[in-house]
>>> print(open('structure36.cif').read())   # mmCIF, C-alpha atoms and all ligand atoms
data_coords
loop_
_atom_site.group_PDB
_atom_site.id
_atom_site.type_symbol
_atom_site.label_atom_id
_atom_site.label_comp_id
_atom_site.auth_asym_id
_atom_site.auth_seq_id
_atom_site.Cartn_x
_atom_site.Cartn_y
_atom_site.Cartn_z
ATOM 1 C CA MET A 1 -16.332 -16.506 -0.933
ATOM 2 C CA ALA A 2 -14.514 -19.603 0.075
ATOM 3 C CA ASP A 3 -15.899 -22.798 -1.380
ATOM 4 C CA LYS A 4 -13.252 -24.776 0.457
ATOM 5 C CA PRO A 5 -13.173 -25.217 4.234
ATOM 6 C CA LEU A 6 -11.297 -22.480 6.076
ATOM 7 C CA PRO A 7 -7.881 -23.372 7.523
ATOM 8 C CA ASP A 8 -8.176 -24.573 11.136
ATOM 9 C CA PRO A 9 -6.931 -21.423 12.915
ATOM 10 C CA VAL A 10 -9.270 -19.253 10.838
ATOM 11 C CA GLN A 11 -12.230 -21.583 11.401
ATOM 12 C CA LYS A 12 -11.539 -21.494 15.147
ATOM 13 C CA PHE A 13 -11.499 -17.692 15.003
ATOM 14 C CA VAL A 14 -14.852 -17.689 13.171
ATOM 15 C CA ASP A 15 -16.309 -20.138 15.721
ATOM 16 C CA THR A 16 -15.191 -17.873 18.561
ATOM 17 C CA ILE A 17 -16.910 -14.844 17.016
ATOM 18 C CA ARG A 18 -20.055 -16.918 16.477
ATOM 19 C CA THR A 19 -20.047 -17.931 20.145
ATOM 20 C CA TYR A 20 -19.821 -14.285 21.222
ATOM 21 C CA CYS A 21 -22.669 -13.373 18.853
ATOM 22 C CA ALA A 22 -24.797 -16.258 20.170
ATOM 23 C CA ASP A 23 -24.178 -14.891 23.685
ATOM 24 C CA GLY A 24 -25.740 -11.614 22.574
ATOM 25 C CA LYS A 25 -22.573 -9.545 22.334
ATOM 26 C CA GLU A 26 -22.618 -6.759 19.733
ATOM 27 C CA GLY A 27 -21.061 -3.381 19.004
ATOM 28 C CA GLU A 28 -18.779 -2.164 21.777
ATOM 29 C CA THR A 29 -19.132 -5.355 23.798
ATOM 30 C CA LEU A 30 -18.201 -7.524 20.813
ATOM 31 C CA TRP A 31 -15.603 -6.056 18.453
ATOM 32 C CA PRO A 32 -12.941 -4.876 20.927
ATOM 33 C CA VAL A 33 -13.099 -8.414 22.391
ATOM 34 C CA VAL A 34 -12.766 -10.027 18.953
ATOM 35 C CA ALA A 35 -9.719 -7.792 18.376
ATOM 36 C CA GLU A 36 -7.896 -9.728 21.108
ATOM 37 C CA ASP A 37 -8.620 -13.017 19.326
ATOM 38 C CA LEU A 38 -7.587 -11.513 15.997
ATOM 39 C CA LYS A 39 -4.227 -10.624 17.526
ATOM 40 C CA ALA A 40 -3.491 -14.322 18.035
ATOM 41 C CA LEU A 41 -4.565 -15.187 14.494
ATOM 42 C CA LEU A 42 -2.335 -12.495 12.989
ATOM 43 C CA SER A 43 0.721 -14.219 14.405
ATOM 44 C CA ASP A 44 -0.122 -17.492 12.627
ATOM 45 C CA PRO A 45 2.949 -18.206 10.446
ATOM 46 C CA THR A 46 0.938 -20.092 7.812
ATOM 47 C CA LEU A 47 -1.438 -17.168 7.318
ATOM 48 C CA ILE A 48 1.448 -14.696 7.113
ATOM 49 C CA GLU A 49 3.260 -16.882 4.591
ATOM 50 C CA GLN A 50 0.160 -17.428 2.478
ATOM 51 C CA SER A 51 -0.655 -13.719 2.442
ATOM 52 C CA LYS A 52 2.507 -13.052 0.452
ATOM 53 C CA THR A 53 0.813 -14.726 -2.549
ATOM 54 C CA TRP A 54 -2.414 -12.688 -2.339
ATOM 55 C CA PRO A 55 -2.923 -10.291 -5.256
ATOM 56 C CA ASP A 56 -2.811 -6.513 -4.774
ATOM 57 C CA THR A 57 -6.327 -5.130 -4.335
ATOM 58 C CA LYS A 58 -5.392 -1.451 -4.284
ATOM 59 C CA LYS A 59 -2.787 0.309 -6.400
ATOM 60 C CA GLY A 60 -1.650 3.911 -5.826
ATOM 61 C CA ASP A 61 -4.627 6.208 -5.363
ATOM 62 C CA GLY A 62 -6.908 3.863 -7.344
ATOM 63 C CA PRO A 63 -10.120 2.421 -5.881
ATOM 64 C CA PRO A 64 -9.813 -0.319 -3.246
ATOM 65 C CA SER A 65 -11.211 -3.798 -3.491
ATOM 66 C CA ASN A 66 -11.114 -6.593 -0.911
ATOM 67 C CA LEU A 67 -10.504 -10.306 -1.033
ATOM 68 C CA LEU A 68 -13.584 -11.909 0.552
ATOM 69 C CA PHE A 69 -12.705 -15.079 2.487
ATOM 70 C CA TYR A 70 -15.842 -15.682 4.515
ATOM 71 C CA GLU A 71 -19.314 -14.258 5.174
ATOM 72 C CA ASP A 72 -21.167 -15.555 8.184
ATOM 73 C CA PRO A 73 -24.595 -16.869 7.199
ATOM 74 C CA ASP A 74 -26.171 -16.086 10.566
ATOM 75 C CA TYR A 75 -24.456 -13.005 11.965
ATOM 76 C CA GLY A 76 -23.311 -11.284 8.769
ATOM 77 C CA PHE A 77 -19.701 -10.577 9.708
ATOM 78 C CA VAL A 78 -17.045 -11.075 7.043
ATOM 79 C CA LEU A 79 -13.334 -11.805 6.743
ATOM 80 C CA ASN A 80 -11.510 -9.737 4.128
ATOM 81 C CA ALA A 81 -8.053 -8.693 3.072
ATOM 82 C CA LEU A 82 -6.970 -5.382 1.624
ATOM 83 C CA VAL A 83 -3.627 -5.724 -0.131
ATOM 84 C CA LYS A 84 -2.105 -2.362 -0.897
ATOM 85 C CA GLY A 85 0.620 -2.037 -3.480
ATOM 86 C CA PRO A 86 3.491 0.359 -2.722
ATOM 87 C CA LYS A 87 2.611 4.061 -2.373
ATOM 88 C CA SER A 88 -1.101 3.505 -1.831
ATOM 89 C CA VAL A 89 -3.153 6.257 -0.280
ATOM 90 C CA THR A 90 -6.862 6.138 0.535
ATOM 91 C CA ASN A 91 -9.467 8.866 0.508
ATOM 92 C CA VAL A 92 -10.491 10.421 3.783
ATOM 93 C CA HIS A 93 -13.416 8.131 4.568
ATOM 94 C CA ASP A 94 -15.538 6.364 7.153
ATOM 95 C CA HIS A 95 -17.002 2.848 7.223
ATOM 96 C CA GLY A 96 -20.577 4.034 7.773
ATOM 97 C CA PRO A 97 -22.495 2.108 10.452
ATOM 98 C CA SER A 98 -20.175 -0.931 10.393
ATOM 99 C CA TRP A 99 -17.418 -1.949 12.794
ATOM 100 C CA THR A 100 -14.023 -2.858 11.354
ATOM 101 C CA LEU A 101 -11.023 -4.632 12.823
ATOM 102 C CA TYR A 102 -8.090 -3.823 10.612
ATOM 103 C CA GLY A 103 -5.137 -6.074 11.405
ATOM 104 C CA VAL A 104 -1.772 -5.615 9.739
ATOM 105 C CA LEU A 105 -0.327 -8.940 8.527
ATOM 106 C CA ASP A 106 2.627 -7.615 6.574
ATOM 107 C CA GLY A 107 4.160 -4.224 5.738
ATOM 108 C CA GLY A 108 2.864 -1.237 7.660
ATOM 109 C CA GLU A 109 1.230 2.130 7.135
ATOM 110 C CA HIS A 110 0.447 5.574 8.427
ATOM 111 C CA ILE A 111 -3.074 6.291 9.683
ATOM 112 C CA GLU A 112 -4.581 9.692 10.392
ATOM 113 C CA ARG A 113 -7.881 10.053 12.206
ATOM 114 C CA PHE A 114 -10.313 12.934 11.992
ATOM 115 C CA SER A 115 -13.269 14.244 13.949
ATOM 116 C CA ARG A 116 -16.114 16.320 12.622
ATOM 117 C CA ILE A 117 -16.497 19.687 14.288
ATOM 118 C CA ASP A 118 -19.619 20.836 12.421
ATOM 119 C CA ASP A 119 -23.173 20.205 13.584
ATOM 120 C CA ASN A 120 -24.532 19.019 10.248
ATOM 121 C CA PRO A 121 -26.274 15.632 9.984
ATOM 122 C CA THR A 122 -23.951 12.585 9.883
ATOM 123 C CA GLU A 123 -24.741 11.644 6.300
ATOM 124 C CA GLU A 124 -24.835 15.198 4.909
ATOM 125 C CA GLY A 125 -22.284 17.907 4.366
ATOM 126 C CA PRO A 126 -20.668 20.180 4.535
ATOM 127 C CA ALA A 127 -18.340 18.500 6.985
ATOM 128 C CA GLU A 128 -15.627 20.361 8.840
ATOM 129 C CA LEU A 129 -12.858 18.011 9.952
ATOM 130 C CA THR A 130 -10.064 18.355 12.448
ATOM 131 C CA SER A 131 -7.134 15.965 12.732
ATOM 132 C CA ASN A 132 -7.426 13.707 15.722
ATOM 133 C CA GLY A 133 -3.894 12.381 15.594
ATOM 134 C CA GLU A 134 -1.783 10.187 13.350
ATOM 135 C CA PHE A 135 0.277 7.099 13.941
ATOM 136 C CA ASP A 136 2.203 4.311 12.234
ATOM 137 C CA VAL A 137 1.040 0.703 12.377
ATOM 138 C CA VAL A 138 3.173 -2.418 12.026
ATOM 139 C CA PRO A 139 2.453 -6.160 11.667
ATOM 140 C CA GLY A 140 0.415 -7.449 14.599
ATOM 141 C CA TYR A 141 -1.282 -4.102 15.192
ATOM 142 C CA ILE A 142 -5.084 -4.053 15.110
ATOM 143 C CA ASP A 143 -6.959 -0.839 14.432
ATOM 144 C CA VAL A 144 -10.465 -1.069 15.909
ATOM 145 C CA VAL A 145 -12.575 1.249 13.765
ATOM 146 C CA PRO A 146 -15.978 2.053 15.268
ATOM 147 C CA PRO A 147 -18.940 3.209 13.152
ATOM 148 C CA TRP A 148 -18.502 6.627 11.506
ATOM 149 C CA GLU A 149 -14.854 7.084 12.494
ATOM 150 C CA ILE A 150 -13.153 9.141 9.779
ATOM 151 C CA HIS A 151 -9.625 8.204 8.728
ATOM 152 C CA GLN A 152 -7.059 7.990 5.944
ATOM 153 C CA GLU A 153 -4.310 5.432 5.354
ATOM 154 C CA ALA A 154 -1.085 5.683 3.380
ATOM 155 C CA ASN A 155 1.697 3.141 3.118
ATOM 156 C CA GLY A 156 5.263 3.710 2.027
ATOM 157 C CA ASP A 157 7.404 2.086 -0.630
ATOM 158 C CA HIS A 158 6.275 -1.407 0.306
ATOM 159 C CA ARG A 159 3.240 -3.642 0.116
ATOM 160 C CA THR A 160 0.848 -3.655 3.080
ATOM 161 C CA ILE A 161 -1.485 -6.529 3.808
ATOM 162 C CA GLY A 162 -4.462 -5.914 6.062
ATOM 163 C CA PHE A 163 -6.530 -8.847 7.359
ATOM 164 C CA ILE A 164 -9.930 -7.400 8.117
ATOM 165 C CA VAL A 165 -13.001 -8.398 10.095
ATOM 166 C CA ARG A 166 -16.091 -6.354 9.276
ATOM 167 C CA SER A 167 -19.396 -6.502 11.130
ATOM 168 C CA GLN A 168 -21.147 -6.612 7.753
ATOM 169 C CA ARG A 169 -20.072 -7.011 4.147
ATOM 170 C CA SER A 170 -19.112 -3.889 2.206
ATOM 171 C CA GLY A 171 -21.855 -3.192 -0.308
ATOM 172 C CA THR A 172 -24.630 -3.849 2.228
ATOM 173 C CA PHE A 173 -24.421 -0.284 3.615
ATOM 174 C CA LYS A 174 -23.399 3.226 2.571
ATOM 175 C CA GLN A 175 -20.107 4.708 3.652
ATOM 176 C CA TYR A 176 -18.751 8.173 3.003
ATOM 177 C CA ARG A 177 -15.781 10.006 1.514
ATOM 178 C CA TYR A 178 -14.884 13.465 2.738
ATOM 179 C CA ASN A 179 -13.442 16.313 0.682
ATOM 180 C CA THR A 180 -11.206 18.147 3.148
ATOM 181 C CA GLU A 181 -11.019 21.243 0.921
ATOM 182 C CA ASN A 182 -14.690 22.041 0.385
ATOM 183 C CA GLY A 183 -16.396 19.929 3.073
ATOM 184 C CA GLY A 184 -18.211 17.800 0.509
ATOM 185 C CA ILE A 185 -19.421 14.312 1.436
ATOM 186 C CA ALA A 186 -20.046 11.534 -1.076
ATOM 187 C CA SER A 187 -21.579 8.162 -0.327
ATOM 188 C CA TYR A 188 -20.236 4.970 -1.874
ATOM 189 C CA ASN A 189 -20.647 1.232 -1.505
ATOM 190 C CA GLY A 190 -17.164 0.500 -0.215
ATOM 191 C CA PRO A 191 -14.544 -1.811 -1.656
ATOM 192 C CA THR A 192 -15.564 -4.262 -4.377
ATOM 193 C CA GLN A 193 -15.650 -7.774 -2.901
ATOM 194 C CA ILE A 194 -13.583 -10.447 -4.646
ATOM 195 C CA PRO A 195 -14.414 -14.004 -3.518
ATOM 196 C CA PHE A 196 -11.145 -15.750 -2.627
ATOM 197 C CA ASP A 197 -10.357 -19.144 -1.132
ATOM 198 C CA LEU A 198 -8.184 -19.218 1.971
ATOM 199 C CA THR A 199 -6.550 -22.611 1.862
HETATM 200 FE FE FE B 1 -10.844 2.581 6.116
#
>>> encode(input="structure36.cif", output="structure tokens", more="lines below")
Ligand SMILES: [Fe+2]
Amino acid sequence: MADKPLPDPVQKFVDTIRTYCADGKEGETLWPVVAEDLKALLSDPTLIEQSKTWPDTKKGDGPPSNLLFYEDPDYGFVLNALVKGPKSVTNVHDHGPSWTLYGVLDGGEHIERFSRIDDNPTEEGPAELTSNGEFDVVPGYIDVVPPWEIHQEANGDHRTIGFIVRSQRSGTFKQYRYNTENGGIASYNGPTQIPFDLT
């Protein structure tokens, strides 16, 4: 995580989230509100410019990792980036019990969402999925991903940079991958976290 102070606009964003948390906001009353603040941050030209130098953290269908910019010592939320190289595609997965704000800084991608239509327990299979719609996202778009929402992302021939706010750091909870052919579910710890200074 960052040893250096965060850049001013990012520090202000963190302070805003901390104020909401101190006011007792959480879950549905917190993260959709933070998404509005994230929208302003995503248009910061310095952040956009700097993101072009961030290393790829996912290549092709290989495993994802995240740059870790900040972890809040009191409320546990984190700031990450996922930098996808060209032609990256994720597994069909959820983010377990965490909330995620996935903001596109550069590039773009295609997202498909799924719902479970079986009655089996959340963390057990087999899972039967149905597509819940698909859409393309572009820079400035923020995907608000509530707990347990199942989705898959694929980008095209270009790099895609996602600036991410998570309610808790990946690795502190289980999340799940879904096999759409046999209904299998597998738990995993989420993207490896790579401490990275935002300067
Ligand atoms: Fe995801």
>>> resolve_selection(input="structure36.cif", expression="the PyMOL selection byres (((chain A and resi 66) around 6) and not hetatm)", output="PDB file with C-alpha atoms, in the frame of the given file")
ATOM      1  CA  SER A  65     -11.211  -3.798  -3.491  1.00  0.00           C
ATOM      2  CA  LEU A  67     -10.504 -10.306  -1.033  1.00  0.00           C
ATOM      3  CA  ASN A  80     -11.510  -9.737   4.128  1.00  0.00           C
ATOM      4  CA  ALA A  81      -8.053  -8.693   3.072  1.00  0.00           C
ATOM      5  CA  LEU A  82      -6.970  -5.382   1.624  1.00  0.00           C
ATOM      6  CA  PRO A 191     -14.544  -1.811  -1.656  1.00  0.00           C
ATOM      7  CA  GLN A 193     -15.650  -7.774  -2.901  1.00  0.00           C
ATOM      8  CA  ILE A 194     -13.583 -10.447  -4.646  1.00  0.00           C
TER       9      ILE A 194
END
>>> residues_near_ligand(input="structure36.cif", ligand="ligand FE 1 (chain B)", cutoff="7 Å", atoms="only C-alpha atoms and all ligand atoms", output="VMD selection string")
chain A and resid 93 to 95 151 to 152
>>> residues_near_point(input="structure36.cif", point="(-8.1, -8.5, 22.5)", cutoff="12 Å", atoms="all atoms listed in the file", output="number ranges by chain")
A: 29-42, 101, 103, 140-144
>>> resolve_selection(input="structure36.cif", expression="the PyMOL selection byres (((chain A and resi 47) around 12) and not hetatm)", output="list in words")
Leu6, Pro7, Asp8, Pro9, Val10, Ala40, Leu41, Leu42, Ser43, Asp44, Pro45, Thr46, Ile48, Glu49, Gln50, Ser51, Lys52, Thr53, Trp54, Ala81, Val104, Leu105, Asp106, Ile161, Gly162, Phe163, Leu198 and Thr199 of chain A
>>> closest_residue(input="structure36.cif", among="A:Arg113, A:His158, A:Arg18, A:Lys12", to="Val83 of chain A", atoms="all atoms listed in the file")
A:His158
>>> closest_residue(input="structure36.cif", among="A:Asp119, A:Glu181, A:Glu124, A:Glu26", to="Trp99 of chain A", atoms="all atoms listed in the file")
A:Glu26
>>> atom_distance(input="structure36.cif", atom1="atom CA of Ile17 of chain A", atom2="atom CA of Phe77 of chain A")
8.9 Å
>>> resolve_selection(input="structure36.cif", expression="the PyMOL selection byres (((chain A and resi 73) around 12) and not hetatm)", output="list in words")
Met1, Val14, Arg18, Tyr70, Glu71, Asp72, Asp74, Tyr75, Gly76, Phe77, Val78, Gln168 and Arg169 of chain A
>>> closest_residue(input="structure36.cif", among="A:Thr19, A:Ser88, A:Thr122, A:Gln175", to="Gly156 of chain A", atoms="all atoms listed in the file")
A:Ser88
>>> residues_around(input="structure36.cif", residues="Asn120 of chain A", least_positions_apart="5", cutoff="12 Å", atoms="all atoms listed in the file", output="VMD selection string")
chain A and resid 125 to 129 183 to 185
>>> atom_distance(input="structure36.cif", atom1="atom CA of Thr160 of chain A", atom2="atom CA of Val137 of chain A")
10.3 Å
>>> closest_residue(input="structure36.cif", among="A:Glu109, A:Asp15, A:Asp118, A:Asp56", to="Pro139 of chain A", atoms="all atoms listed in the file")
A:Glu109
>>> atom_distance(input="structure36.cif", atom1="atom CA of Thr57 of chain A", atom2="atom CA of Gly133 of chain A")
26.6 Å
>>> closest_residue(input="structure36.cif", among="A:Ser98, A:Ser187, A:Thr16, A:Asn132", to="Lys174 of chain A", atoms="all atoms listed in the file")
A:Ser187
>>> residues_around(input="structure36.cif", residues="Gly171 of chain A", least_positions_apart="2", cutoff="6 Å", atoms="only C-alpha atoms", output="PDB file with C-alpha atoms, in the coordinates of the input")
ATOM      1  CA  PHE A 173     -24.421  -0.284   3.615  1.00  0.00           C
ATOM      2  CA  ASN A 189     -20.647   1.232  -1.505  1.00  0.00           C
ATOM      3  CA  GLY A 190     -17.164   0.500  -0.215  1.00  0.00           C
TER       4      GLY A 190
END
>>> closest_residue(input="structure36.cif", among="A:Ser170, A:Thr100, A:Ser131, A:Asn155", to="Gly85 of chain A", atoms="all atoms listed in the file")
A:Asn155
>>> residues_around(input="structure36.cif", residues="Asp136 of chain A", least_positions_apart="5", cutoff="9 Å", atoms="all atoms listed in the file", output="list of chain:residue names")
A:Gly108, A:Glu109, A:His110, A:Ile111, A:Glu112
>>> decode(input="structure36.cif", residues="segment 28-39 of chain A", atoms="all heavy atoms", output="PDB file, in the first residue's frame")
ATOM      1  N   GLU A  28     -26.205  -0.428   1.139  1.00  0.00           N
ATOM      2  CA  GLU A  28     -26.969   0.290   0.107  1.00  0.00           C
ATOM      3  C   GLU A  28     -27.046   1.786   0.335  1.00  0.00           C
ATOM      4  O   GLU A  28     -27.288   2.549  -0.607  1.00  0.00           O
ATOM      5  CB  GLU A  28     -28.402  -0.258   0.058  1.00  0.00           C
ATOM      6  CG  GLU A  28     -28.517  -1.467  -0.836  1.00  0.00           C
ATOM      7  CD  GLU A  28     -29.922  -2.022  -0.887  1.00  0.00           C
ATOM      8  OE1 GLU A  28     -30.877  -1.253  -0.695  1.00  0.00           O
ATOM      9  OE2 GLU A  28     -30.037  -3.228  -1.120  1.00  0.00           O
ATOM     10  N   THR A  29     -26.901   2.227   1.571  1.00  0.00           N
ATOM     11  CA  THR A  29     -26.963   3.676   1.816  1.00  0.00           C
ATOM     12  C   THR A  29     -25.597   4.339   1.630  1.00  0.00           C
ATOM     13  O   THR A  29     -25.493   5.554   1.650  1.00  0.00           O
ATOM     14  CB  THR A  29     -27.472   4.004   3.244  1.00  0.00           C
ATOM     15  OG1 THR A  29     -26.520   3.512   4.192  1.00  0.00           O
ATOM     16  CG2 THR A  29     -28.834   3.385   3.496  1.00  0.00           C
ATOM     17  N   LEU A  30     -24.565   3.523   1.472  1.00  0.00           N
ATOM     18  CA  LEU A  30     -23.209   4.076   1.337  1.00  0.00           C
ATOM     19  C   LEU A  30     -22.672   4.009  -0.093  1.00  0.00           C
ATOM     20  O   LEU A  30     -22.325   5.035  -0.684  1.00  0.00           O
ATOM     21  CB  LEU A  30     -22.259   3.333   2.280  1.00  0.00           C
ATOM     22  CG  LEU A  30     -20.778   3.695   2.156  1.00  0.00           C
ATOM     23  CD1 LEU A  30     -20.545   5.152   2.507  1.00  0.00           C
ATOM     24  CD2 LEU A  30     -19.936   2.791   3.060  1.00  0.00           C
ATOM     25  N   TRP A  31     -22.580   2.814  -0.669  1.00  0.00           N
ATOM     26  CA  TRP A  31     -21.794   2.640  -1.890  1.00  0.00           C
ATOM     27  C   TRP A  31     -22.395   3.301  -3.125  1.00  0.00           C
ATOM     28  O   TRP A  31     -21.655   3.883  -3.928  1.00  0.00           O
ATOM     29  CB  TRP A  31     -21.447   1.161  -2.089  1.00  0.00           C
ATOM     30  CG  TRP A  31     -20.625   0.712  -0.925  1.00  0.00           C
ATOM     31  CD1 TRP A  31     -20.987  -0.138   0.072  1.00  0.00           C
ATOM     32  CD2 TRP A  31     -19.320   1.190  -0.569  1.00  0.00           C
ATOM     33  NE1 TRP A  31     -19.989  -0.246   1.015  1.00  0.00           N
ATOM     34  CE2 TRP A  31     -18.959   0.562   0.636  1.00  0.00           C
ATOM     35  CE3 TRP A  31     -18.419   2.082  -1.154  1.00  0.00           C
ATOM     36  CZ2 TRP A  31     -17.733   0.805   1.265  1.00  0.00           C
ATOM     37  CZ3 TRP A  31     -17.207   2.327  -0.530  1.00  0.00           C
ATOM     38  CH2 TRP A  31     -16.869   1.689   0.661  1.00  0.00           C
ATOM     39  N   PRO A  32     -23.722   3.276  -3.312  1.00  0.00           N
ATOM     40  CA  PRO A  32     -24.258   4.029  -4.458  1.00  0.00           C
ATOM     41  C   PRO A  32     -24.000   5.532  -4.334  1.00  0.00           C
ATOM     42  O   PRO A  32     -23.853   6.228  -5.345  1.00  0.00           O
ATOM     43  CB  PRO A  32     -25.760   3.710  -4.422  1.00  0.00           C
ATOM     44  CG  PRO A  32     -25.827   2.365  -3.740  1.00  0.00           C
ATOM     45  CD  PRO A  32     -24.759   2.442  -2.678  1.00  0.00           C
ATOM     46  N   VAL A  33     -23.895   6.031  -3.093  1.00  0.00           N
ATOM     47  CA  VAL A  33     -23.581   7.454  -2.877  1.00  0.00           C
ATOM     48  C   VAL A  33     -22.114   7.713  -3.215  1.00  0.00           C
ATOM     49  O   VAL A  33     -21.772   8.696  -3.894  1.00  0.00           O
ATOM     50  CB  VAL A  33     -23.897   7.850  -1.407  1.00  0.00           C
ATOM     51  CG1 VAL A  33     -23.491   9.296  -1.150  1.00  0.00           C
ATOM     52  CG2 VAL A  33     -25.366   7.621  -1.096  1.00  0.00           C
ATOM     53  N   VAL A  34     -21.236   6.821  -2.754  1.00  0.00           N
ATOM     54  CA  VAL A  34     -19.804   6.970  -3.055  1.00  0.00           C
ATOM     55  C   VAL A  34     -19.570   6.927  -4.568  1.00  0.00           C
ATOM     56  O   VAL A  34     -18.665   7.597  -5.094  1.00  0.00           O
ATOM     57  CB  VAL A  34     -18.980   5.868  -2.341  1.00  0.00           C
ATOM     58  CG1 VAL A  34     -17.516   5.935  -2.752  1.00  0.00           C
ATOM     59  CG2 VAL A  34     -19.110   5.992  -0.828  1.00  0.00           C
ATOM     60  N   ALA A  35     -20.408   6.160  -5.275  1.00  0.00           N
ATOM     61  CA  ALA A  35     -20.255   6.064  -6.742  1.00  0.00           C
ATOM     62  C   ALA A  35     -20.358   7.436  -7.389  1.00  0.00           C
ATOM     63  O   ALA A  35     -19.657   7.719  -8.374  1.00  0.00           O
ATOM     64  CB  ALA A  35     -21.308   5.112  -7.322  1.00  0.00           C
ATOM     65  N   GLU A  36     -21.195   8.303  -6.843  1.00  0.00           N
ATOM     66  CA  GLU A  36     -21.325   9.664  -7.401  1.00  0.00           C
ATOM     67  C   GLU A  36     -20.026  10.450  -7.211  1.00  0.00           C
ATOM     68  O   GLU A  36     -19.600  11.198  -8.095  1.00  0.00           O
ATOM     69  CB  GLU A  36     -22.493  10.403  -6.731  1.00  0.00           C
ATOM     70  CG  GLU A  36     -23.854   9.807  -7.066  1.00  0.00           C
ATOM     71  CD  GLU A  36     -24.119   9.810  -8.575  1.00  0.00           C
ATOM     72  OE1 GLU A  36     -23.876  10.849  -9.216  1.00  0.00           O
ATOM     73  OE2 GLU A  36     -24.539   8.765  -9.100  1.00  0.00           O
ATOM     74  N   ASP A  37     -19.401  10.284  -6.052  1.00  0.00           N
ATOM     75  CA  ASP A  37     -18.120  10.959  -5.797  1.00  0.00           C
ATOM     76  C   ASP A  37     -17.010  10.374  -6.664  1.00  0.00           C
ATOM     77  O   ASP A  37     -16.113  11.099  -7.115  1.00  0.00           O
ATOM     78  CB  ASP A  37     -17.746  10.825  -4.311  1.00  0.00           C
ATOM     79  CG  ASP A  37     -18.757  11.515  -3.422  1.00  0.00           C
ATOM     80  OD1 ASP A  37     -18.847  12.744  -3.487  1.00  0.00           O
ATOM     81  OD2 ASP A  37     -19.480  10.814  -2.689  1.00  0.00           O
ATOM     82  N   LEU A  38     -17.073   9.070  -6.877  1.00  0.00           N
ATOM     83  CA  LEU A  38     -16.058   8.410  -7.709  1.00  0.00           C
ATOM     84  C   LEU A  38     -16.122   8.942  -9.138  1.00  0.00           C
ATOM     85  O   LEU A  38     -15.096   9.084  -9.807  1.00  0.00           O
ATOM     86  CB  LEU A  38     -16.262   6.891  -7.681  1.00  0.00           C
ATOM     87  CG  LEU A  38     -15.306   6.062  -8.549  1.00  0.00           C
ATOM     88  CD1 LEU A  38     -13.841   6.309  -8.190  1.00  0.00           C
ATOM     89  CD2 LEU A  38     -15.628   4.567  -8.406  1.00  0.00           C
ATOM     90  N   LYS A  39     -17.331   9.249  -9.579  1.00  0.00           N
ATOM     91  CA  LYS A  39     -17.512   9.770 -10.943  1.00  0.00           C
ATOM     92  C   LYS A  39     -16.656  11.030 -11.140  1.00  0.00           C
ATOM     93  O   LYS A  39     -15.989  11.185 -12.160  1.00  0.00           O
ATOM     94  CB  LYS A  39     -18.997  10.084 -11.151  1.00  0.00           C
ATOM     95  CG  LYS A  39     -19.386  10.239 -12.572  1.00  0.00           C
ATOM     96  CD  LYS A  39     -20.901  10.137 -12.734  1.00  0.00           C
ATOM     97  CE  LYS A  39     -21.227   8.919 -13.547  1.00  0.00           C
ATOM     98  NZ  LYS A  39     -22.591   8.672 -13.821  1.00  0.00           N
TER      99      LYS A  39
END
